[in-house]
Amino acid sequence: MICVVPKQRRLQISEEKGSTSSCLQEDKDRILPVHRPDKGGTIAIQTSRLRVNHFLVKFRPESIVMHYNVDVKPKLPGKHGRPQKISKFDLSLIREKLFSIDPARLPLGKTAYDGEKSIFSAVPLPEETFIVDVSRGEDEKSISYAVTLTLVNKLEFRKLKQYLCKEVFSIPRDILQGMDLVVKENPSRRTVSLGRHFYPTNPPLLHKDLHHGVIAIAGFQHSLKPTSQGLSLCLDYSVLSFRKRMSVFDFLRERIKGFNLKEFEHFRYDVENELIGLKVHVTHRRSKQKYTITKITKRNTGDLSFPKVDPEGHNSVQNVRLVDYFKEKWDTDIMYKDIPCLDFGKGNNIHYVPMEFCVLVDGQRFPKENLDWDATNTLKTMSLAKPKERQRAIQKMVESSDGPCGGGIIQNFGMEVNRSMTAVEGRIIGPPKLKLGDPSGKIMTVAPDRENCQWNLIGKSMVEGKPVERWGILDFTASGPFKGRLRTGDFIYNLINKYKKFGIYMNEPVLVEASSMRQLSSYDSLCHLLENVNDKAYRICRGRLQFLLCVMDRRDNGYKTLKWVSETKVGIVTQCCLSGLANNGKDQYLTNLALKINAKLGGSNVELNNSLPYFNGNDNVMFIGADVNHPAARDTNSPSIVAVVATVNWPAANRYAARVCPQFHRKEQILNFGEICLELLGCYESLNGVKPGKIVIFRDGVSEGQFDMVLNEELQDLKRTFRRSNYIPTISLIVAQKRHQTRFFPEGPASGNVSPGTVVDTIVIHPFEFDFYLCSHHGSMGTSKPTHYHVLWDEHRFTSDELQKLIYDMCFTFARCTKPVSLVPPVYYADLAAYRGRLYHEARIAVQSPDSVVSTSSSVISSSLSSAASVEQGNYRLHADLENVMFFV
């Protein structure tokens with residue numbers, strides 16, 4: 001069934017041709033995700049009782065919540081007449097003061113604030129302009145603001161009830177967003193918020209001292225989800241490292257080994273490294289203000305003075321010594337005059353405060369990459385909480401006065417949260433039988449282990465092992481420290497012997513090229529080296545190397561440049577390894593190495609013994625995976641990287657080709673999706689002699705709010721492109737989500753994770769759309785995270801059982817390991833390929849001059865939409881010899 005936005009024409013679907021009418025191209029005929037085709041799956045080898053971190057939310061359908069716009073303007077204009085930007089800290093002070101003016105008409109407890117422009121209220125508020133005077137501290141001058149409240153919307157909860165009861169099919173996002181803000185209001189007031197996460201610090205609910213001025217604090221994130229049981233509050237546990245709230249002096253003693261105030265200059269560099277950028281409160285006066293440390297003064301406190309302006313304007317500007325000012329103004333003596341001061345000033349402004357009067361502000365994140373080994377392990381152990389521990393932590397946070405259910409806020413809006421985790425039944429799907437080889441070349445059937453669904457290759461081999469006749473070694477450890485050097489002879493013997501056990505021929509390497517780790521850091525040197533190796537190998541064996549094994553003595557940023565140059569410029573398949581692991585020569589390590597090499601050479605490591613569920617061998621099916629890799633949060637210029645992968649063989653469907661390209665910064669929509677898929681389609685046709693009649697697309701990395709974009713932009717672009725080529729296959733489109741908070745916990749005394757193959761498709765799934773949770777892997781660490789699959793478009797008319805079994809079976813075909821993975825392989829591979837594209841970009845940036853970096857970044861932003869997909873394509877376009885091989889595994 002295809003759902004259409006209300007008041008819009010229902011689409012007519014031609015099942016025979018697998019196409020929709022041309023009205024899909026019109027904005028007014030936007031489509032919605034398909035509905036569930038049945039009441040859920042039924043196939044199972046066993047069932048299990050589970051608890052899920054969803055808490056049922058009851059609300060009164062007759063409730064109406066008012067949404068007000070908050071306009072805040074200073075009474076006095078900013079400098080030079082420019083609009084004055086008001087910080088979130090000041091906005092929170094203004095809101096507190098405003099609602100203390102007239103609590104009867106402005107009841108704080110019945111409102112929720114987003115920190116910027118919106119207030120949601122359970123009662124009508126006066127639509128007026130209020131003058132609010134706010135001071136950050138007892139000594140600071142008050143600033144007057146004009147605050148205007150304007151009603152912009154009335155949120156009627158009955159509309160959400162209608163959606164949950166399937167009376168309407170268009171999700172009321174405005175109501176969910178308003179309710180979500182109401183649920184976040186209490187933790188926003190009482191905890192440290194970072195993004196969507198909240199961390200109670202006064203006191204922490206769960207914490208561990210990481211020493212050296214750092215503490216690990218457990219927090220939570222939560223969201224409201226429409227589900228089959230009604231509205232659910234989904235809350236999950238998270239952990240972050242923070243700097244402790246302590247005096248600046250104590251923090252420096254904890255952070256800097258041997259720190260001594262009497263020898264301050266000896267430690268200046270370390271002090272600046274630790275303090276600049278941090279926020280502090282001051283103790284010499286009462287103030288709520290948070291100050292950011294911008295610099296450490298060059299001169300000592302006793303030598304500092306500053307120009308003091310007479311506020312009345314009667315006297316001229318005069319310099320005042322800092323120690324005299326603090327004695328006169330605050331009746332405070334500065335004890336430590338022989339060390340520098342902190343400066344909070346911006347630009348040319350100065351704002352000196354002695355360190356002895358400064359205390360670190362609560363909730364300042366400490367980068368986990370800067371933790372020492374012990375602290376990293378402690379944080380990791382706390383983060384990877386076992387299921388029972390995680391379940392207890394979640395329950396504790398739901399019941400906490402600092403949590404979303406505390407403070408009486410949600411009750412004021414007519415909402416009530418059941419404090420018990422929702423009970424669900426999980427069905428466990430049986431693992432498929434697998435096809436492997438044996439050393440004699442025969443095909444054998446293997447049943448994975450029932451408990452963890454793993455298998456091993458002892459006495460077995462790959463289904464199709466590619467003989468290795470032409471390979472080489474590029475040894476970057478040859479001129480390094482002796483203990484880090486590759487023992488070349490031993491390693492070659494061990495790897496060839498491992499291949500021999502698999503029954504696969506592996507020749508001696510064509511060449512072993514000695515190099516150094518220094519060459520990894522030079523783009524020109526690396527290009528020259530790889531081209532020379534390529535040419536030398538061709539002269540020796542009259543053919544191209546099948547792969548080049550690159551050995552390093554440590555992880556190095558030059559890895560990025562190596563991959564970029566070899567895969568886009570030279571056209572060599574590379575396999576990297578560390579000399580320490582290679583020298584140890586452990587059997588499992590050599591097996592994993594052989595699996596990756598075989599996949600890169602076009603071999604087949606494992607296949608399903610039977611054909612994929614739903615499809616038969618004559619169907620000619622292509623599976624597509626698509627992902628977008630975005631730059632880090634603080635990177636404001638770099639492009640987003642698109643990767644699309646597709647199967648090129650059938651019926652095994654375990655070999656993939658990939659395309660990688662850049663696009664606009666943080667743009668989630670895949671531009672020219674149809675053209676990319678058409679290119680991959682050509683690869684499939686050239687290898688199989690026929691185009692696939694059926695296509696299944698798995699899209700990664702999109703939230704529910706982006707489903708419309710995937711359906712009505714990406715999918716429609718694909719269909720238009722195919723139609724222009726007179727090609728009309730049947731298509732299904734499924735989103736695979738890993739970034740969600742849902743977790744399942746076995747009931748009873750069992751302390752482990754849910755079993756591989758566990759499916760949940762009742763109670764906590766969407767009220768009527770086609771989605772389910774599948775935990776396809778064995779969780780050996782922490783608490784397993786299921787993948788949430790959501791079907792947006794389905795011309796194959798899958799039943800729940802058919803699609804769940806199809807995806808689960810595909811998870812056994814991942815090339816790099818001998819166990820099922822947590823994510824369907826097309827998406828997993830797309831993620832790997834997109835990450836590889838990110839490495840290309842970082843390598844390119846590293847070798848460019850600052851001027852060229854700026855010009856490249858600006859070109860990414862300023863390019864027109866039509867040319868966005870081709871921005872810097874030459875830097876990402878795979879070499880022709882690698883376009884259709886699995887270089888990314």
# chains A, B, ... in the order shown; residues from 1 in each chain; ligands from 1
call {"tool": "residues_around", "arguments": {"residues": "Arg173 (chain A)", "least_positions_apart": "2", "cutoff": "12 Å", "atoms": "only C-alpha atoms", "output": "VMD selection string"}}
result
chain A and resid 155 to 157 159 to 160 163 169 to 171 175 to 180 224 to 226 704 to 705
call {"tool": "residues_around", "arguments": {"residues": "Leu581 (chain A)", "least_positions_apart": "5", "cutoff": "12 Å", "atoms": "only C-alpha atoms", "output": "number ranges by chain"}}
result
A: 484-487, 491, 551-554, 576, 586-590, 592-593
call {"tool": "atom_distance", "arguments": {"atom1": "CA of Glu713 (chain A)", "atom2": "CA of Ile734 (chain A)"}}
result
14.9 Å
call {"tool": "residues_around", "arguments": {"residues": "Leu549 (chain A)", "least_positions_apart": "5", "cutoff": "10 Å", "atoms": "only C-alpha atoms", "output": "number ranges by chain"}}
result
A: 471-475, 509, 512, 573-577, 597
call {"tool": "residues_around", "arguments": {"residues": "Ala657 (chain A)", "least_positions_apart": "2", "cutoff": "10 Å", "atoms": "only C-alpha atoms", "output": "list in words"}}
result
Ile624, Val644, Val645, Ala646, Thr647, Val648, Asn649, Arg655, Arg659, Leu680, Leu681, Cys683, Tyr684, Tyr829, Ala830, Ala833, Leu882, Glu883, Asn884, Val885, Met886, Phe887 and Phe888 of chain A
call {"tool": "residues_around", "arguments": {"residues": "Gly430 (chain A)", "least_positions_apart": "3", "cutoff": "12 Å", "atoms": "only C-alpha atoms", "output": "list of chain:residue names"}}
result
A:Ile43, A:Ala44, A:Ile45, A:Gln46, A:Thr47, A:Arg427, A:Lys433, A:Ala447, A:Pro448, A:Asp449, A:Arg450, A:Glu451, A:Asn452, A:Cys453, A:Ser755, A:Pro756, A:Gly757, A:Thr758, A:Val759, A:Ser776, A:Asp801, A:Gln804, A:Lys805, A:Leu806, A:Tyr808, A:Asp809, A:Phe812
call {"tool": "select_by_dssp", "arguments": {"residues": "region 659-779 of chain A", "states": "strand (DSSP E)", "output": "PyMOL selection string"}}
result
chain A and resi 659-663+694-700+730-737+744-746+758-760+771-775
call {"tool": "residues_around", "arguments": {"residues": "Pro354 (chain A)", "least_positions_apart": "3", "cutoff": "12 Å", "atoms": "only C-alpha atoms", "output": "mmCIF file with N, CA, C and O atoms, in the first residue's frame"}}
result
data_model
loop_
_atom_site.group_PDB
_atom_site.id
_atom_site.type_symbol
_atom_site.label_atom_id
_atom_site.label_comp_id
_atom_site.auth_asym_id
_atom_site.auth_seq_id
_atom_site.Cartn_x
_atom_site.Cartn_y
_atom_site.Cartn_z
ATOM 1 N N SER A 247 39.606 24.267 41.916
ATOM 2 C CA SER A 247 40.339 25.518 41.709
ATOM 3 C C SER A 247 41.361 25.339 40.597
ATOM 4 O O SER A 247 41.833 24.224 40.334
ATOM 5 N N VAL A 248 41.701 26.433 39.940
ATOM 6 C CA VAL A 248 42.678 26.375 38.857
ATOM 7 C C VAL A 248 44.008 25.831 39.359
ATOM 8 O O VAL A 248 44.665 25.019 38.693
ATOM 9 N N PHE A 249 44.419 26.248 40.564
ATOM 10 C CA PHE A 249 45.681 25.750 41.119
ATOM 11 C C PHE A 249 45.643 24.233 41.298
ATOM 12 O O PHE A 249 46.587 23.517 40.931
ATOM 13 N N VAL A 280 35.737 29.433 33.574
ATOM 14 C CA VAL A 280 35.892 29.464 35.030
ATOM 15 C C VAL A 280 34.844 30.390 35.646
ATOM 16 O O VAL A 280 34.320 31.303 34.982
ATOM 17 N N HIS A 281 34.553 30.130 36.920
ATOM 18 C CA HIS A 281 33.842 31.083 37.765
ATOM 19 C C HIS A 281 34.885 31.812 38.605
ATOM 20 O O HIS A 281 35.995 31.301 38.810
ATOM 21 N N VAL A 282 34.521 33.000 39.107
ATOM 22 C CA VAL A 282 35.423 33.728 40.006
ATOM 23 C C VAL A 282 34.864 33.657 41.429
ATOM 24 O O VAL A 282 33.644 33.542 41.626
ATOM 25 N N THR A 283 35.771 33.722 42.425
ATOM 26 C CA THR A 283 35.366 33.549 43.827
ATOM 27 C C THR A 283 35.473 34.829 44.644
ATOM 28 O O THR A 283 35.013 34.863 45.785
ATOM 29 N N HIS A 284 36.082 35.886 44.079
ATOM 30 C CA HIS A 284 36.256 37.106 44.872
ATOM 31 C C HIS A 284 34.981 37.939 44.930
ATOM 32 O O HIS A 284 34.921 38.932 45.657
ATOM 33 N N ILE A 293 38.997 31.600 29.485
ATOM 34 C CA ILE A 293 40.407 31.981 29.555
ATOM 35 C C ILE A 293 40.938 32.115 28.129
ATOM 36 O O ILE A 293 40.967 31.138 27.375
ATOM 37 N N ILE A 296 47.284 33.753 28.996
ATOM 38 C CA ILE A 296 47.989 33.912 30.268
ATOM 39 C C ILE A 296 48.891 35.139 30.100
ATOM 40 O O ILE A 296 49.610 35.262 29.103
ATOM 41 N N THR A 297 48.850 36.058 31.056
ATOM 42 C CA THR A 297 49.621 37.297 30.901
ATOM 43 C C THR A 297 51.122 37.014 30.845
ATOM 44 O O THR A 297 51.608 36.071 31.468
ATOM 45 N N ARG A 299 53.393 39.198 31.930
ATOM 46 C CA ARG A 299 53.974 39.749 33.169
ATOM 47 C C ARG A 299 53.294 39.151 34.385
ATOM 48 O O ARG A 299 52.167 38.666 34.322
ATOM 49 N N ASN A 300 53.975 39.210 35.510
ATOM 50 C CA ASN A 300 53.421 38.686 36.758
ATOM 51 C C ASN A 300 52.344 39.613 37.316
ATOM 52 O O ASN A 300 52.286 40.808 36.992
ATOM 53 N N THR A 301 51.527 39.067 38.196
ATOM 54 C CA THR A 301 50.380 39.793 38.744
ATOM 55 C C THR A 301 50.792 41.093 39.416
ATOM 56 O O THR A 301 50.132 42.127 39.253
ATOM 57 N N GLY A 302 51.865 41.061 40.198
ATOM 58 C CA GLY A 302 52.302 42.260 40.917
ATOM 59 C C GLY A 302 52.755 43.387 40.013
ATOM 60 O O GLY A 302 52.835 44.547 40.443
ATOM 61 N N LEU A 304 51.249 44.049 37.003
ATOM 62 C CA LEU A 304 50.199 44.382 36.044
ATOM 63 C C LEU A 304 49.443 45.641 36.445
ATOM 64 O O LEU A 304 49.145 45.865 37.625
ATOM 65 N N LEU A 322 46.876 46.319 39.430
ATOM 66 C CA LEU A 322 45.854 45.297 39.667
ATOM 67 C C LEU A 322 45.712 44.985 41.145
ATOM 68 O O LEU A 322 44.588 44.840 41.661
ATOM 69 N N VAL A 323 46.831 44.895 41.882
ATOM 70 C CA VAL A 323 46.760 44.563 43.317
ATOM 71 C C VAL A 323 46.034 45.661 44.085
ATOM 72 O O VAL A 323 45.280 45.385 45.027
ATOM 73 N N TYR A 325 43.745 47.698 42.797
ATOM 74 C CA TYR A 325 42.334 47.657 42.402
ATOM 75 C C TYR A 325 41.576 46.597 43.213
ATOM 76 O O TYR A 325 40.473 46.862 43.706
ATOM 77 N N PHE A 326 42.156 45.403 43.343
ATOM 78 C CA PHE A 326 41.464 44.342 44.078
ATOM 79 C C PHE A 326 41.312 44.706 45.561
ATOM 80 O O PHE A 326 40.305 44.372 46.189
ATOM 81 N N THR A 332 40.261 42.752 48.985
ATOM 82 C CA THR A 332 40.879 41.434 48.866
ATOM 83 C C THR A 332 42.361 41.589 48.557
ATOM 84 O O THR A 332 42.739 42.356 47.657
ATOM 85 N N ASP A 333 43.184 40.884 49.319
ATOM 86 C CA ASP A 333 44.613 40.880 49.046
ATOM 87 C C ASP A 333 44.960 39.739 48.104
ATOM 88 O O ASP A 333 44.495 38.609 48.281
ATOM 89 N N ILE A 334 45.770 40.034 47.106
ATOM 90 C CA ILE A 334 46.248 38.999 46.185
ATOM 91 C C ILE A 334 47.494 38.372 46.798
ATOM 92 O O ILE A 334 48.487 39.061 47.060
ATOM 93 N N MET A 335 47.442 37.062 47.022
ATOM 94 C CA MET A 335 48.557 36.377 47.685
ATOM 95 C C MET A 335 49.704 36.084 46.723
ATOM 96 O O MET A 335 50.870 36.243 47.046
ATOM 97 N N TYR A 336 49.364 35.627 45.503
ATOM 98 C CA TYR A 336 50.395 35.157 44.568
ATOM 99 C C TYR A 336 50.679 36.241 43.525
ATOM 100 O O TYR A 336 50.065 36.275 42.462
ATOM 101 N N LYS A 337 51.629 37.130 43.894
ATOM 102 C CA LYS A 337 51.938 38.268 43.020
ATOM 103 C C LYS A 337 53.059 37.938 42.034
ATOM 104 O O LYS A 337 53.281 38.678 41.077
ATOM 105 N N ASP A 338 53.740 36.813 42.259
ATOM 106 C CA ASP A 338 54.921 36.492 41.443
ATOM 107 C C ASP A 338 54.625 35.474 40.340
ATOM 108 O O ASP A 338 55.538 34.827 39.819
ATOM 109 N N ILE A 339 53.358 35.319 40.010
ATOM 110 C CA ILE A 339 52.971 34.458 38.885
ATOM 111 C C ILE A 339 52.038 35.259 37.973
ATOM 112 O O ILE A 339 51.442 36.258 38.405
ATOM 113 N N PRO A 340 51.886 34.831 36.730
ATOM 114 C CA PRO A 340 50.995 35.567 35.816
ATOM 115 C C PRO A 340 49.529 35.472 36.226
ATOM 116 O O PRO A 340 49.146 34.689 37.092
ATOM 117 N N CYS A 341 48.717 36.272 35.536
ATOM 118 C CA CYS A 341 47.262 36.292 35.722
ATOM 119 C C CYS A 341 46.589 35.584 34.556
ATOM 120 O O CYS A 341 47.189 35.389 33.494
ATOM 121 N N LEU A 342 45.335 35.265 34.753
ATOM 122 C CA LEU A 342 44.490 34.841 33.643
ATOM 123 C C LEU A 342 43.902 36.088 32.991
ATOM 124 O O LEU A 342 43.569 37.058 33.678
ATOM 125 N N ASP A 343 43.760 36.038 31.681
ATOM 126 C CA ASP A 343 43.149 37.146 30.945
ATOM 127 C C ASP A 343 41.907 36.616 30.240
ATOM 128 O O ASP A 343 41.986 35.653 29.477
ATOM 129 N N PHE A 344 40.750 37.234 30.526
ATOM 130 C CA PHE A 344 39.486 36.830 29.900
ATOM 131 C C PHE A 344 39.127 37.737 28.718
ATOM 132 O O PHE A 344 38.071 37.576 28.116
ATOM 133 N N HIS A 351 41.090 41.770 30.567
ATOM 134 C CA HIS A 351 40.273 41.487 31.742
ATOM 135 C C HIS A 351 41.075 40.533 32.613
ATOM 136 O O HIS A 351 41.003 39.326 32.471
ATOM 137 N N PHE A 357 41.705 33.186 42.329
ATOM 138 C CA PHE A 357 40.281 33.466 42.483
ATOM 139 C C PHE A 357 39.423 32.753 41.437
ATOM 140 O O PHE A 357 38.265 33.107 41.240
ATOM 141 N N CYS A 358 39.986 31.737 40.781
ATOM 142 C CA CYS A 358 39.261 31.096 39.685
ATOM 143 C C CYS A 358 39.044 29.608 39.936
ATOM 144 O O CYS A 358 39.948 28.891 40.386
ATOM 145 N N VAL A 359 37.818 29.164 39.623
ATOM 146 C CA VAL A 359 37.421 27.760 39.779
ATOM 147 C C VAL A 359 36.835 27.273 38.462
ATOM 148 O O VAL A 359 36.043 27.990 37.828
#
call {"tool": "atom_distance", "arguments": {"atom1": "CA of Asn319 (chain A)", "atom2": "CA of Lys346 (chain A)"}}
result
19.7 Å
call {"tool": "atom_distance", "arguments": {"atom1": "CA of Thr422 (chain A)", "atom2": "CA of Glu167 (chain A)"}}
result
24.4 Å
call {"tool": "select_by_dssp", "arguments": {"residues": "region 237-393 of chain A", "states": "alpha helix (DSSP H)", "output": "PyMOL selection string"}}
result
chain A and resi 248-255+268-275+322-330+373-383+387-393
call {"tool": "write_last_selection", "arguments": {"atoms": "C-alpha atoms", "output": "PDB file, in the first residue's frame"}}
result
ATOM      1  CA  VAL A 248      42.678  26.375  38.857  1.00  0.00           C
ATOM      2  CA  PHE A 249      45.681  25.750  41.119  1.00  0.00           C
ATOM      3  CA  ASP A 250      44.464  22.277  42.110  1.00  0.00           C
ATOM      4  CA  PHE A 251      43.704  21.450  38.477  1.00  0.00           C
ATOM      5  CA  LEU A 252      47.226  22.417  37.395  1.00  0.00           C
ATOM      6  CA  ARG A 253      48.726  20.288  40.178  1.00  0.00           C
ATOM      7  CA  GLU A 254      46.650  17.320  39.012  1.00  0.00           C
ATOM      8  CA  ARG A 255      47.356  17.786  35.314  1.00  0.00           C
ATOM      9  CA  ARG A 268      54.245  28.094  31.282  1.00  0.00           C
ATOM     10  CA  TYR A 269      53.799  26.107  28.053  1.00  0.00           C
ATOM     11  CA  ASP A 270      51.984  23.285  29.887  1.00  0.00           C
ATOM     12  CA  VAL A 271      49.806  25.759  31.802  1.00  0.00           C
ATOM     13  CA  GLU A 272      48.724  27.503  28.597  1.00  0.00           C
ATOM     14  CA  ASN A 273      48.058  24.147  26.960  1.00  0.00           C
ATOM     15  CA  GLU A 274      45.814  23.064  29.855  1.00  0.00           C
ATOM     16  CA  LEU A 275      43.948  26.308  30.583  1.00  0.00           C
ATOM     17  CA  LEU A 322      45.854  45.297  39.667  1.00  0.00           C
ATOM     18  CA  VAL A 323      46.760  44.563  43.317  1.00  0.00           C
ATOM     19  CA  ASP A 324      45.566  48.044  44.350  1.00  0.00           C
ATOM     20  CA  TYR A 325      42.334  47.657  42.402  1.00  0.00           C
ATOM     21  CA  PHE A 326      41.464  44.342  44.078  1.00  0.00           C
ATOM     22  CA  LYS A 327      42.204  45.833  47.545  1.00  0.00           C
ATOM     23  CA  GLU A 328      40.150  48.947  46.913  1.00  0.00           C
ATOM     24  CA  LYS A 329      37.269  47.364  44.966  1.00  0.00           C
ATOM     25  CA  TRP A 330      36.944  43.984  46.681  1.00  0.00           C
ATOM     26  CA  TRP A 373      46.071   4.434  28.968  1.00  0.00           C
ATOM     27  CA  ASP A 374      44.521   3.651  32.380  1.00  0.00           C
ATOM     28  CA  ALA A 375      41.877   6.371  32.077  1.00  0.00           C
ATOM     29  CA  THR A 376      41.015   5.266  28.532  1.00  0.00           C
ATOM     30  CA  ASN A 377      40.431   1.699  29.707  1.00  0.00           C
ATOM     31  CA  THR A 378      38.326   2.840  32.663  1.00  0.00           C
ATOM     32  CA  LEU A 379      36.180   5.025  30.399  1.00  0.00           C
ATOM     33  CA  LYS A 380      35.835   2.213  27.863  1.00  0.00           C
ATOM     34  CA  THR A 381      34.798  -0.285  30.556  1.00  0.00           C
ATOM     35  CA  MET A 382      32.228   2.151  31.909  1.00  0.00           C
ATOM     36  CA  SER A 383      30.906   2.901  28.407  1.00  0.00           C
ATOM     37  CA  PRO A 387      23.324  -5.542  29.709  1.00  0.00           C
ATOM     38  CA  LYS A 388      22.260  -5.846  33.360  1.00  0.00           C
ATOM     39  CA  GLU A 389      24.452  -2.907  34.387  1.00  0.00           C
ATOM     40  CA  ARG A 390      23.132  -0.761  31.542  1.00  0.00           C
ATOM     41  CA  GLN A 391      19.562  -1.715  32.365  1.00  0.00           C
ATOM     42  CA  ARG A 392      20.039  -0.683  36.021  1.00  0.00           C
ATOM     43  CA  ALA A 393      21.660   2.620  34.996  1.00  0.00           C
TER      44      ALA A 393
END
call {"tool": "residues_around", "arguments": {"residues": "region 435-445 of chain A", "least_positions_apart": "6", "cutoff": "6 Å", "atoms": "only C-alpha atoms", "output": "number ranges by chain"}}
result
A: 460-463, 502-503, 606-609
